[in-house]
file data.cif (mmCIF, C-alpha atoms)
data_final
loop_
_atom_site.label_atom_id
_atom_site.label_comp_id
_atom_site.auth_asym_id
_atom_site.auth_seq_id
_atom_site.Cartn_x
_atom_site.Cartn_y
_atom_site.Cartn_z
CA MET O 1 122.49 96.85 70.22
CA ILE O 2 120.31 99.99 70.01
CA GLU O 3 117.19 97.82 69.66
CA SER O 4 118.18 95.81 72.75
CA THR O 5 118.73 99.01 74.76
CA LYS O 6 115.33 100.33 73.66
CA LYS O 7 113.63 97.09 74.77
CA LYS O 8 115.31 97.26 78.19
CA HIS O 9 114.31 100.90 78.54
CA SER O 10 110.74 100.04 77.53
CA LYS O 11 110.58 97.21 80.12
CA LEU O 12 111.90 99.49 82.85
CA LEU O 13 109.37 102.17 81.91
CA ARG O 14 106.50 99.65 82.02
CA PHE O 15 107.70 98.39 85.40
CA TRP O 16 107.97 101.96 86.74
CA LYS O 17 104.39 102.65 85.59
CA LEU O 18 103.26 99.44 87.30
CA LEU O 19 104.64 100.67 90.63
CA GLY O 20 102.21 102.69 92.70
CA PRO O 21 100.64 102.24 96.15
CA GLY O 22 103.01 99.39 97.09
CA LEU O 23 106.17 101.43 96.39
CA ILE O 24 104.80 104.55 98.12
CA THR O 25 103.68 102.52 101.14
CA GLY O 26 107.04 100.75 101.41
CA ALA O 27 109.05 103.95 101.04
CA SER O 28 106.91 105.89 103.53
CA ASP O 29 107.58 103.08 105.99
CA ASP O 30 111.13 104.46 106.26
CA ASP O 31 109.95 107.82 107.60
CA PRO O 32 111.85 109.85 110.24
CA SER O 33 110.20 107.61 112.86
CA GLY O 34 111.75 104.57 111.20
CA ILE O 35 115.08 106.34 110.71
CA ALA O 36 115.15 107.28 114.41
CA THR O 37 114.32 103.75 115.53
CA TYR O 38 116.85 102.13 113.19
CA SER O 39 119.50 104.69 114.16
CA GLN O 40 118.97 104.05 117.85
CA ALA O 41 119.13 100.28 117.21
CA GLY O 42 122.43 100.63 115.34
CA ALA O 43 123.99 103.08 117.80
CA ALA O 44 123.01 101.06 120.86
CA TYR O 45 123.60 97.51 119.61
CA GLY O 46 125.89 97.75 116.59
CA LEU O 47 125.08 95.19 113.92
CA SER O 48 123.13 92.86 116.22
CA THR O 49 119.69 93.96 114.91
CA LEU O 50 120.55 93.66 111.19
CA TRP O 51 118.79 90.28 111.01
CA THR O 52 115.43 91.96 111.67
CA ALA O 53 115.45 93.40 108.12
CA ILE O 54 115.46 89.85 106.71
CA ILE O 55 112.73 88.63 109.08
CA ALA O 56 110.50 91.70 108.65
CA PHE O 57 110.35 91.69 104.83
CA PRO O 58 108.16 88.62 104.15
CA LEU O 59 105.94 89.43 107.14
CA MET O 60 105.18 93.02 106.14
CA ALA O 61 104.85 92.09 102.44
CA SER O 62 102.23 89.43 103.23
CA ILE O 63 100.16 91.79 105.43
CA GLN O 64 100.32 94.66 102.92
CA GLN O 65 99.26 92.31 100.11
CA MET O 66 96.24 91.26 102.16
CA CYS O 67 95.29 94.92 102.75
CA ALA O 68 95.74 95.72 99.06
CA ARG O 69 93.60 92.73 98.04
CA ILE O 70 90.86 93.79 100.49
CA GLY O 71 90.82 97.26 98.89
CA ILE O 72 90.71 95.87 95.34
CA ILE O 73 88.01 93.24 95.97
CA THR O 74 85.70 95.28 98.22
CA SER O 75 86.27 98.70 96.57
CA GLN O 76 86.45 99.99 100.15
CA GLY O 77 89.18 100.97 102.53
CA LEU O 78 89.97 98.77 105.51
CA THR O 79 87.80 100.94 107.78
CA GLY O 80 84.81 100.66 105.43
CA THR O 81 85.18 96.88 105.32
CA LEU O 82 85.39 96.71 109.12
CA LYS O 83 82.33 98.95 109.47
CA LYS O 84 80.27 96.84 107.08
CA ASN O 85 81.17 93.38 108.37
CA TYR O 86 82.22 93.65 112.04
CA PRO O 87 80.88 95.07 115.34
CA LYS O 88 81.22 98.84 115.77
CA SER O 89 83.11 98.29 119.03
CA ILE O 90 86.08 96.90 117.03
CA LEU O 91 85.95 99.91 114.71
CA TYR O 92 85.93 102.45 117.55
CA LEU O 93 88.65 100.60 119.46
CA MET O 94 90.86 100.72 116.36
CA LEU O 95 90.13 104.47 116.02
CA VAL O 96 91.05 105.15 119.67
CA PHE O 97 94.39 103.36 119.25
CA SER O 98 95.19 104.83 115.83
CA PHE O 99 94.48 108.53 116.35
CA PRO O 100 97.05 109.38 119.09
CA ALA O 101 99.77 107.18 117.59
CA ILE O 102 99.44 108.68 114.10
CA VAL O 103 99.26 112.29 115.36
CA MET O 104 102.33 111.70 117.55
CA ASN O 105 104.10 110.19 114.55
CA ILE O 106 103.23 113.23 112.40
CA GLY O 107 104.43 115.62 115.11
CA ALA O 108 107.68 113.78 115.64
CA ASP O 109 108.33 113.64 111.89
CA ILE O 110 107.69 117.39 111.53
CA ALA O 111 110.00 118.11 114.48
CA GLY O 112 112.70 115.85 113.04
CA MET O 113 112.49 117.56 109.64
CA GLY O 114 112.64 121.00 111.28
CA ALA O 115 115.68 120.06 113.35
CA VAL O 116 117.54 118.70 110.33
CA GLY O 117 116.57 121.80 108.31
CA ASN O 118 118.22 123.86 111.04
CA LEU O 119 121.37 121.71 110.74
CA LEU O 120 121.61 122.45 107.04
CA PHE O 121 120.80 126.16 107.50
CA PRO O 122 121.86 127.07 111.09
CA SER O 123 120.77 130.71 110.78
CA ILE O 124 117.09 129.63 110.57
CA GLU O 125 115.48 128.20 113.71
CA ALA O 126 114.12 124.66 113.62
CA THR O 127 110.58 125.79 114.53
CA TYR O 128 110.43 127.97 111.41
CA PHE O 129 111.34 124.97 109.27
CA SER O 130 108.66 122.87 111.02
CA VAL O 131 105.99 125.50 110.29
CA LEU O 132 107.22 125.88 106.70
CA PHE O 133 107.10 122.12 106.02
CA THR O 134 103.62 121.88 107.59
CA ILE O 135 102.22 124.69 105.42
CA LEU O 136 103.90 123.31 102.28
CA LEU O 137 102.47 119.83 102.85
CA LEU O 138 99.00 121.17 103.60
CA ILE O 139 98.93 123.21 100.38
CA LEU O 140 100.18 120.32 98.25
CA ILE O 141 97.73 117.80 99.73
CA ILE O 142 94.68 120.10 99.38
CA TYR O 143 95.35 121.64 95.98
CA LEU O 144 96.96 118.83 93.99
CA PRO O 145 94.81 116.04 92.49
CA TYR O 146 95.50 112.44 93.52
CA GLN O 147 97.36 111.60 90.29
CA LYS O 148 99.92 114.39 90.86
CA ILE O 149 100.26 113.60 94.58
CA ALA O 150 100.92 109.93 93.72
CA ALA O 151 103.53 110.95 91.11
CA ILE O 152 105.29 113.30 93.55
CA LEU O 153 105.31 110.66 96.30
CA LYS O 154 106.62 108.10 93.84
CA TYR O 155 109.58 110.26 92.81
CA LEU O 156 110.28 111.23 96.44
CA CYS O 157 110.97 107.52 97.04
CA ILE O 158 114.22 108.02 95.11
CA VAL O 159 115.51 110.16 98.02
CA LEU O 160 115.80 106.99 100.09
CA LEU O 161 118.59 105.77 97.82
CA VAL O 162 120.95 108.12 99.68
CA TYR O 163 120.99 105.68 102.58
CA LEU O 164 122.44 103.00 100.30
CA ILE O 165 125.43 105.25 99.60
CA VAL O 166 126.35 106.27 103.16
CA PRO O 167 127.79 102.92 104.42
CA PHE O 168 130.23 102.80 101.51
CA LEU O 169 131.77 106.09 102.66
CA TYR O 170 133.06 104.25 105.76
CA HIS O 171 135.21 101.13 106.10
CA GLN O 172 133.06 98.01 106.64
CA ASP O 173 133.85 94.51 107.91
CA TRP O 174 131.59 92.73 105.42
CA LEU O 175 132.11 89.30 107.00
CA ALA O 176 130.78 90.66 110.31
CA VAL O 177 127.88 92.26 108.42
CA LEU O 178 126.99 88.93 106.78
CA LYS O 179 127.18 87.08 110.09
CA ALA O 180 124.93 89.62 111.85
CA THR O 181 122.45 89.43 108.96
CA VAL O 182 121.96 85.65 108.89
CA ILE O 183 122.49 84.77 112.58
CA PRO O 184 119.93 86.43 114.90
CA THR O 185 121.20 87.96 118.14
CA LEU O 186 118.85 88.19 121.13
CA HIS O 187 119.24 89.89 124.50
CA PHE O 188 116.60 89.29 127.16
CA ASN O 189 116.34 92.80 128.60
CA LYS O 190 113.65 95.46 128.21
CA GLU O 191 115.85 97.92 126.32
CA TYR O 192 116.76 95.41 123.58
CA VAL O 193 113.25 93.93 123.40
CA GLY O 194 111.88 97.49 123.30
CA ILE O 195 114.04 98.22 120.27
CA LEU O 196 112.89 94.97 118.60
CA VAL O 197 109.22 95.86 119.21
CA GLY O 198 109.96 99.36 117.90
CA ILE O 199 111.57 97.96 114.73
CA LEU O 200 108.62 95.62 114.15
CA GLY O 201 106.18 98.42 114.93
CA THR O 202 107.77 100.89 112.53
CA THR O 203 108.08 98.31 109.71
CA ILE O 204 104.67 96.66 110.16
CA SER O 205 102.79 99.86 111.06
CA PRO O 206 98.99 99.88 111.41
CA TYR O 207 98.56 103.17 109.53
CA LEU O 208 100.12 101.53 106.46
CA PHE O 209 97.42 98.84 106.51
CA PHE O 210 94.72 101.50 106.07
CA TRP O 211 96.70 103.53 103.56
CA GLN O 212 97.43 100.51 101.35
CA ALA O 213 93.77 99.43 101.12
CA SER O 214 92.52 102.99 100.50
CA MET O 215 95.16 103.70 97.85
CA GLU O 216 94.25 100.55 95.94
CA VAL O 217 90.65 101.80 95.87
CA GLU O 218 91.87 105.19 94.58
CA GLU O 219 93.98 103.46 91.92
CA MET O 220 91.07 101.30 90.78
CA LYS O 221 88.81 104.35 90.50
CA HIS O 222 91.46 106.30 88.63
CA LYS O 223 92.12 103.46 86.18
CA LYS O 224 88.41 102.54 86.00
CA LYS O 225 89.15 98.92 86.85
CA HIS O 226 86.83 98.55 89.84
CA LEU O 227 84.43 96.29 87.91
CA ILE O 228 86.96 93.99 86.25
CA VAL O 229 89.08 92.48 89.00
CA ASN O 230 91.10 89.58 87.60
CA LYS O 231 94.28 87.62 88.22
CA LYS O 232 96.43 90.12 86.28
CA ILE O 233 95.34 93.01 88.52
CA ILE O 234 96.07 90.92 91.60
CA HIS O 235 99.45 89.85 90.18
CA ASP O 236 100.41 93.46 89.33
CA MET O 237 99.44 94.52 92.84
CA GLU O 238 101.58 91.75 94.36
CA GLU O 239 104.61 92.81 92.28
CA ASP O 240 104.10 96.43 93.32
CA VAL O 241 103.82 95.54 97.02
CA ASP O 242 106.78 93.12 96.92
CA PHE O 243 109.00 95.73 95.28
CA GLY O 244 107.89 98.42 97.74
CA MET O 245 108.51 96.22 100.77
CA THR O 246 111.87 95.06 99.38
CA PHE O 247 112.86 98.70 98.88
CA SER O 248 111.77 99.50 102.44
CA GLY O 249 113.70 96.54 103.87
CA VAL O 250 116.90 97.39 102.00
CA VAL O 251 116.82 101.00 103.24
CA MET O 252 116.14 99.81 106.80
CA PHE O 253 119.11 97.42 106.54
CA PHE O 254 121.48 100.16 105.35
CA ILE O 255 120.42 102.65 108.04
CA ILE O 256 121.11 100.07 110.77
CA LEU O 257 124.37 99.20 109.00
CA THR O 258 125.42 102.88 108.83
CA THR O 259 124.72 103.69 112.48
CA GLY O 260 125.77 100.23 113.67
CA THR O 261 129.27 100.73 112.28
CA VAL O 262 129.89 104.48 112.27
CA LEU O 263 128.16 105.50 115.52
CA PHE O 264 128.52 102.28 117.53
CA ASN O 265 132.21 101.88 116.67
CA GLY O 266 132.72 105.60 117.34
CA GLY O 267 131.50 105.15 120.92
CA ILE O 268 128.13 106.89 120.35
CA HIS O 269 125.52 104.54 121.82
CA GLN O 270 122.66 106.91 122.63
CA ILE O 271 120.78 109.06 120.13
CA ASP O 272 118.47 111.60 121.80
CA THR O 273 117.39 113.59 118.74
CA VAL O 274 117.06 112.89 115.02
CA GLU O 275 119.59 115.59 114.17
CA GLN O 276 122.12 113.96 116.53
CA ALA O 277 122.07 110.88 114.30
CA ALA O 278 123.00 113.08 111.33
CA MET O 279 125.52 115.23 113.22
CA ALA O 280 127.27 112.25 114.78
CA LEU O 281 128.13 111.01 111.28
CA LYS O 282 129.92 114.24 110.34
CA PRO O 283 133.22 113.82 112.23
CA LEU O 284 133.22 110.03 111.88
CA ALA O 285 132.26 109.51 108.24
CA GLY O 286 132.71 112.92 106.65
CA ASN O 287 130.55 115.81 105.42
CA LEU O 288 129.00 113.88 102.54
CA ALA O 289 127.62 111.14 104.80
CA TYR O 290 126.23 113.78 107.15
CA LEU O 291 124.57 115.76 104.34
CA LEU O 292 123.08 112.68 102.69
CA PHE O 293 121.65 111.45 105.98
CA ALA O 294 120.16 114.90 106.75
CA VAL O 295 118.62 115.36 103.29
CA GLY O 296 117.18 111.86 103.54
CA VAL O 297 115.32 112.76 106.75
CA ILE O 298 113.62 115.73 105.05
CA GLY O 299 112.78 113.75 101.91
CA THR O 300 111.29 110.85 103.82
CA GLY O 301 109.27 113.25 105.99
CA LEU O 302 107.77 114.90 102.88
CA LEU O 303 106.90 111.42 101.64
CA ALA O 304 105.57 109.95 104.89
CA ILE O 305 103.50 112.79 106.40
CA PRO O 306 100.92 112.83 103.56
CA VAL O 307 100.63 109.05 104.02
CA LEU O 308 100.19 109.40 107.80
CA SER O 309 97.65 112.24 107.65
CA GLY O 310 95.88 110.66 104.67
CA SER O 311 95.54 107.28 106.39
CA LEU O 312 94.10 108.95 109.52
CA SER O 313 91.62 110.91 107.43
CA TYR O 314 90.50 107.76 105.59
CA ILE O 315 90.01 106.03 108.95
CA ILE O 316 87.88 108.84 110.42
CA THR O 317 85.83 109.71 107.32
CA GLU O 318 85.04 106.07 106.53
CA THR O 319 84.09 105.49 110.18
CA PHE O 320 81.48 108.30 110.10
CA GLY O 321 80.43 107.87 106.48
CA TRP O 322 81.77 111.23 105.28
CA GLU O 323 82.86 111.92 101.72
CA GLN O 324 86.53 111.11 101.26
CA GLY O 325 89.31 110.66 98.74
CA LEU O 326 92.47 112.34 97.51
CA ASP O 327 90.94 112.31 94.04
CA LYS O 328 88.28 114.80 95.20
CA LYS O 329 88.61 118.57 95.41
CA PHE O 330 88.34 120.40 98.74
CA HIS O 331 84.70 121.48 98.26
CA GLU O 332 83.74 117.88 97.37
CA ALA O 333 85.26 116.31 100.54
CA LYS O 334 85.67 119.12 103.08
CA ALA O 335 85.66 116.83 106.14
CA PHE O 336 88.39 114.65 104.60
CA TYR O 337 90.75 117.58 104.09
CA VAL O 338 89.82 119.23 107.39
CA VAL O 339 90.88 116.04 109.23
CA ILE O 340 94.21 116.13 107.35
CA ALA O 341 94.69 119.79 108.30
CA ILE O 342 93.83 119.15 111.96
CA SER O 343 96.19 116.17 112.15
CA LEU O 344 99.06 118.26 110.73
CA LEU O 345 98.36 121.18 113.08
CA LEU O 346 98.06 118.88 116.11
CA GLY O 347 101.32 117.23 115.08
CA LEU O 348 103.00 120.63 114.73
CA SER O 349 101.71 121.67 118.19
CA LEU O 350 103.66 118.79 119.79
CA ASN O 351 106.80 120.83 119.03
CA TYR O 352 105.70 123.39 121.62
CA ILE O 353 104.75 121.19 124.58
CA GLY O 354 108.17 119.79 125.40
CA ILE O 355 107.93 116.25 123.98
CA SER O 356 111.34 115.02 122.79
CA PRO O 357 111.03 114.12 119.07
CA ILE O 358 113.19 111.00 119.38
CA LYS O 359 111.20 109.72 122.37
CA ALA O 360 107.93 110.43 120.56
CA LEU O 361 109.22 108.58 117.48
CA ILE O 362 110.36 105.51 119.39
CA TYR O 363 107.30 105.45 121.68
CA THR O 364 105.11 105.66 118.56
CA ALA O 365 106.93 102.71 117.01
CA ILE O 366 106.50 100.70 120.24
CA LEU O 367 102.80 101.65 120.42
CA TYR O 368 102.38 100.43 116.84
CA GLY O 369 104.19 97.21 117.77
CA VAL O 370 101.80 96.59 120.68
CA THR O 371 98.58 97.43 118.78
CA ALA O 372 99.44 95.90 115.38
CA PRO O 373 98.72 92.27 116.43
CA VAL O 374 95.02 93.11 116.99
CA LEU O 375 94.71 94.61 113.50
CA ILE O 376 96.70 91.78 111.91
CA ALA O 377 94.25 89.28 113.46
CA ILE O 378 91.31 91.23 111.97
CA ILE O 379 93.00 91.48 108.54
CA LEU O 380 93.63 87.71 108.57
CA HIS O 381 89.98 87.10 109.41
CA ILE O 382 88.77 89.38 106.58
CA SER O 383 91.24 87.88 104.09
CA ASN O 384 89.96 84.36 104.80
CA ASN O 385 86.27 85.33 104.76
CA LYS O 386 84.76 84.04 101.49
CA LYS O 387 81.65 86.20 101.93
CA ILE O 388 83.87 89.28 101.66
CA MET O 389 86.76 88.11 99.45
CA GLY O 390 85.04 85.54 97.22
CA LYS O 391 87.64 83.46 95.35
CA TYR O 392 90.46 85.82 96.36
CA THR O 393 90.89 84.59 99.93
CA ASN O 394 94.39 84.01 101.32
CA SER O 395 96.66 81.34 99.91
CA ARG O 396 98.36 78.92 102.28
CA THR O 397 101.63 80.88 101.98
CA SER O 398 99.86 84.16 102.82
CA ASN O 399 98.29 82.59 105.90
CA ILE O 400 101.59 81.09 107.09
CA LEU O 401 103.35 84.45 106.78
CA GLY O 402 100.37 86.37 108.17
CA PHE O 403 100.03 84.16 111.23
CA GLY O 404 103.82 84.24 111.57
CA ALA O 405 103.65 88.06 111.77
CA LEU O 406 100.82 87.80 114.30
CA ILE O 407 102.69 85.33 116.52
CA ILE O 408 106.05 87.14 116.38
CA MET O 409 104.59 90.60 117.06
CA THR O 410 102.33 89.30 119.84
CA ALA O 411 105.20 87.43 121.49
CA ALA O 412 107.52 90.45 121.27
CA ALA O 413 104.84 92.77 122.73
CA LEU O 414 104.08 90.33 125.60
CA VAL O 415 107.78 89.87 126.42
CA LEU O 416 108.23 93.66 126.43
CA MET O 417 105.29 94.14 128.81
CA TYR O 418 106.56 91.35 131.06
CA LEU O 419 110.04 92.89 131.24
CA GLN O 420 108.55 96.35 131.75
CA PHE O 421 106.61 95.24 134.83
CA PHE O 422 108.68 92.36 136.20
CA GLY O 423 112.18 92.91 134.74
CA ASP O 424 115.08 94.57 136.53
#
call {"tool": "encode", "arguments": {"input": "data.cif", "output": "structure tokens"}}
result
Amino acid sequence: MIESTKKKHSKLLRFWKLLGPGLITGASDDDPSGIATYSQAGAAYGLSTLWTAIIAFPLMASIQQMCARIGIITSQGLTGTLKKNYPKSILYLMLVFSFPAIVMNIGADIAGMGAVGNLLFPSIEATYFSVLFTILLLILIIYLPYQKIAAILKYLCIVLLVYLIVPFLYHQDWLAVLKATVIPTLHFNKEYVGILVGILGTTISPYLFFWQASMEVEEMKHKKKHLIVNKKIIHDMEEDVDFGMTFSGVVMFFIILTTGTVLFNGGIHQIDTVEQAAMALKPLAGNLAYLLFAVGVIGTGLLAIPVLSGSLSYIITETFGWEQGLDKKFHEAKAFYVVIAISLLLGLSLNYIGISPIKALIYTAILYGVTAPVLIAIILHISNNKKIMGKYTNSRTSNILGFGALIIMTAAALVLMYLQFFGD
């Protein structure tokens, strides 16, 4: 009995050690931007967007696996691979689209964390919390080596488990939940399609493509495996990514479930701020649900903002050929850390120019949803290019799922634009 328990514990420990970039990427996908988008979806439409969690999982897993494989095979981030093999116009276009969306995402996440901090400690203003979180993140990112940052991010993923608890603190009609999960509901109006594009954009986010590839390169350097790529490394990566994306999808599902039952059934159909989503739960589902939801927003922000700022810094430094990497100290990659600092400070400044955090979060998700198809098309092209990928080009399944993601996201973005210009 004791021997059996030890073996199980040993297997779990090995599996935990195997998890890395895939888990962090998946968990950071459920940042305050994602929470806001999922909360608005649940509040506005009840359970009718639950099915998107099932559809999104295989699509985002396939794209993230491609990005990870590109990083492992080329020993370069996605930007470096683009720079080496494609016209510079594509690279600069990607940079123009990525920079404002990521900075807006950072700013909205910081604002959301500050607002929720104020909810938990009303005597301290939200702006003070925003500044505090920004300084804390900046210090941690600059002074901690990659290995410690990765470990901290990994353990912060556990915070997301709070969202799996909240729905069970409120009575659920599980038959209705099952029906909404397996039978898609569609409404042909710009508000509903906008939410769908936002959900797709915040789950299949372009910044995660760059982060995944760059983190695989960091992992290979750290483990000194960059010269011995084999099927086991690829298999371990796929398990890591699949687990991370599953984790992300489950959390997404439970946030929509929470707000789709508690808020929607309570007559709250519009969420204007992140803290409103937390506060609205308090009278309807009790203090514990409210506290768990609020703490989750802060935890996911601490997890996601280093990913957002790091991905932007990898994009810019690889574009201009500057030294980069979280494994390097400040004096070894000054430009890399300066870009991170600037992105955090620009994000913080959005708090003071009157942009509503919830609108910034949802607009960011929609912007990701509109721009992601272009990047997905490029990733598919790279992943099927034998000159770049050698024998590790896409399998048939990867291509089916990848092209499925491309078609679905393109169609959703086109329908949204059509309804925006020609709808009622």
call {"tool": "atom_distance", "arguments": {"input": "data.cif", "atom1": "CA of Asp242 (chain O)", "atom2": "CA of Ala294 (chain O)"}}
result
27.4 Å
call {"tool": "residues_around", "arguments": {"input": "data.cif", "residues": "Leu380 (chain O)", "least_positions_apart": "4", "cutoff": "8 Å", "atoms": "all atoms listed in the file", "output": "VMD selection string"}}
result
chain O and resid 66 376 384 399 402 to 403
call {"tool": "atom_distance", "arguments": {"input": "data.cif", "atom1": "CA of Thr81 (chain O)", "atom2": "CA of Leu375 (chain O)"}}
result
12.8 Å
call {"tool": "axis_aligned_box", "arguments": {"input": "data.cif", "around": "region 327-344 of chain O", "padding_each_side": "6 Å", "output": "AutoDock Vina command-line options"}}
result
--center_x 91.4 --center_y 116.9 --center_z 103.1 --size_x 27.3 --size_y 21.2 --size_z 30.1
call {"tool": "atom_distance", "arguments": {"input": "data.cif", "atom1": "CA of Tyr38 (chain O)", "atom2": "CA of Ala280 (chain O)"}}
result
14.6 Å
call {"tool": "residues_around", "arguments": {"input": "data.cif", "residues": "Met417 (chain O)", "least_positions_apart": "4", "cutoff": "10 Å", "atoms": "all atoms listed in the file", "output": "list of chain:residue names"}}
result
O:Lys190, O:Val193, O:Gly194, O:Val370, O:Ala411, O:Ala412, O:Ala413, O:Phe421, O:Phe422, O:Gly423
call {"tool": "residues_around", "arguments": {"input": "data.cif", "residues": "Pro184 (chain O)", "least_positions_apart": "6", "cutoff": "8 Å", "atoms": "all atoms listed in the file", "output": "JSON list (two decimals) with C-alpha atoms, in the frame of the given file"}}
result
[["chain", "number", "residue", "atom", "x", "y", "z"],
["O", 48, "SER", "CA", 123.13, 92.86, 116.22],
["O", 49, "THR", "CA", 119.69, 93.96, 114.91],
["O", 51, "TRP", "CA", 118.79, 90.28, 111.01],
["O", 52, "THR", "CA", 115.43, 91.96, 111.67]]
call {"tool": "resolve_selection", "arguments": {"input": "data.cif", "expression": "the PyMOL selection byres ((chain O and resi 261) around 12)", "output": "ChimeraX atom specification"}}
result
/O:39,41-48,50,166-174,176-177,180,254-260,262-269,280-281,284-285
call {"tool": "closest_residue", "arguments": {"input": "data.cif", "among": "O:Ile298, O:Ile102, O:Ile388, O:Leu186", "to": "Phe210 (chain O)", "atoms": "only C-alpha atoms"}}
result
O:Ile102
call {"tool": "closest_residue", "arguments": {"input": "data.cif", "among": "O:Ala341, O:Met94, O:Ala56, O:Ile407", "to": "Ile141 (chain O)", "atoms": "all atoms listed in the file"}}
result
O:Ala341
call {"tool": "residues_around", "arguments": {"input": "data.cif", "residues": "region 119-136 of chain O", "least_positions_apart": "6", "cutoff": "10 Å", "atoms": "all atoms listed in the file", "output": "PyMOL selection string"}}
result
chain O and resi 106-107+109-113+275-276+278-279+290-291+294-295+298+301-302+305+341+344-345+347-349+351-352
call {"tool": "write_last_selection", "arguments": {"input": "data.cif", "atoms": "C-alpha atoms", "output": "compact mmCIF listing (two decimals), in the frame of the given file"}}
result
# COMPACT_ATOMS: atom_id res chain seq x y z
CA ILE O 106 103.23 113.23 112.40
CA GLY O 107 104.43 115.62 115.11
CA ASP O 109 108.33 113.64 111.89
CA ILE O 110 107.69 117.39 111.53
CA ALA O 111 110.00 118.11 114.48
CA GLY O 112 112.70 115.85 113.04
CA MET O 113 112.49 117.56 109.64
CA GLU O 275 119.59 115.59 114.17
CA GLN O 276 122.12 113.96 116.53
CA ALA O 278 123.00 113.08 111.33
CA MET O 279 125.52 115.23 113.22
CA TYR O 290 126.23 113.78 107.15
CA LEU O 291 124.57 115.76 104.34
CA ALA O 294 120.16 114.90 106.75
CA VAL O 295 118.62 115.36 103.29
CA ILE O 298 113.62 115.73 105.05
CA GLY O 301 109.27 113.25 105.99
CA LEU O 302 107.77 114.90 102.88
CA ILE O 305 103.50 112.79 106.40
CA ALA O 341 94.69 119.79 108.30
CA LEU O 344 99.06 118.26 110.73
CA LEU O 345 98.36 121.18 113.08
CA GLY O 347 101.32 117.23 115.08
CA LEU O 348 103.00 120.63 114.73
CA SER O 349 101.71 121.67 118.19
CA ASN O 351 106.80 120.83 119.03
CA TYR O 352 105.70 123.39 121.62
call {"tool": "resolve_selection", "arguments": {"input": "data.cif", "expression": "the PyMOL selection byres ((chain O and resi 140) around 12)", "output": "list in words"}}
result
Phe133, Thr134, Ile135, Leu136, Leu137, Leu138, Ile139, Ile141, Ile142, Tyr143, Leu144, Pro145, Tyr146, Lys148, Ile149, Ala150, Ile152, Leu153, Leu302, Leu303, Ile305, Pro306, Leu326, Phe330, Tyr337, Ile340 and Ala341 of chain O
call {"tool": "resolve_selection", "arguments": {"input": "data.cif", "expression": "the PyMOL selection byres ((chain O and resi 72) around 8)", "output": "PyMOL selection string"}}
result
chain O and resi 68-71+73-76+213+216-217+220+226+229
call {"tool": "residues_around", "arguments": {"input": "data.cif", "residues": "Lys84 (chain O)", "least_positions_apart": "6", "cutoff": "12 Å", "atoms": "only C-alpha atoms", "output": "list of chain:residue names"}}
result
O:Thr74, O:Gln76, O:Gly77, O:Leu78, O:Ile90, O:Leu91, O:Glu318, O:Thr319, O:Phe320, O:Gly321, O:Ile382, O:Lys387, O:Ile388
call {"tool": "closest_residue", "arguments": {"input": "data.cif", "among": "O:Ala405, O:Leu200, O:Ser383, O:Ser309", "to": "Leu346 (chain O)", "atoms": "all atoms listed in the file"}}
result
O:Ser309
call {"tool": "closest_residue", "arguments": {"input": "data.cif", "among": "O:Trp211, O:Tyr368, O:Phe293, O:Phe99", "to": "Gly198 (chain O)", "atoms": "only C-alpha atoms"}}
result
O:Tyr368
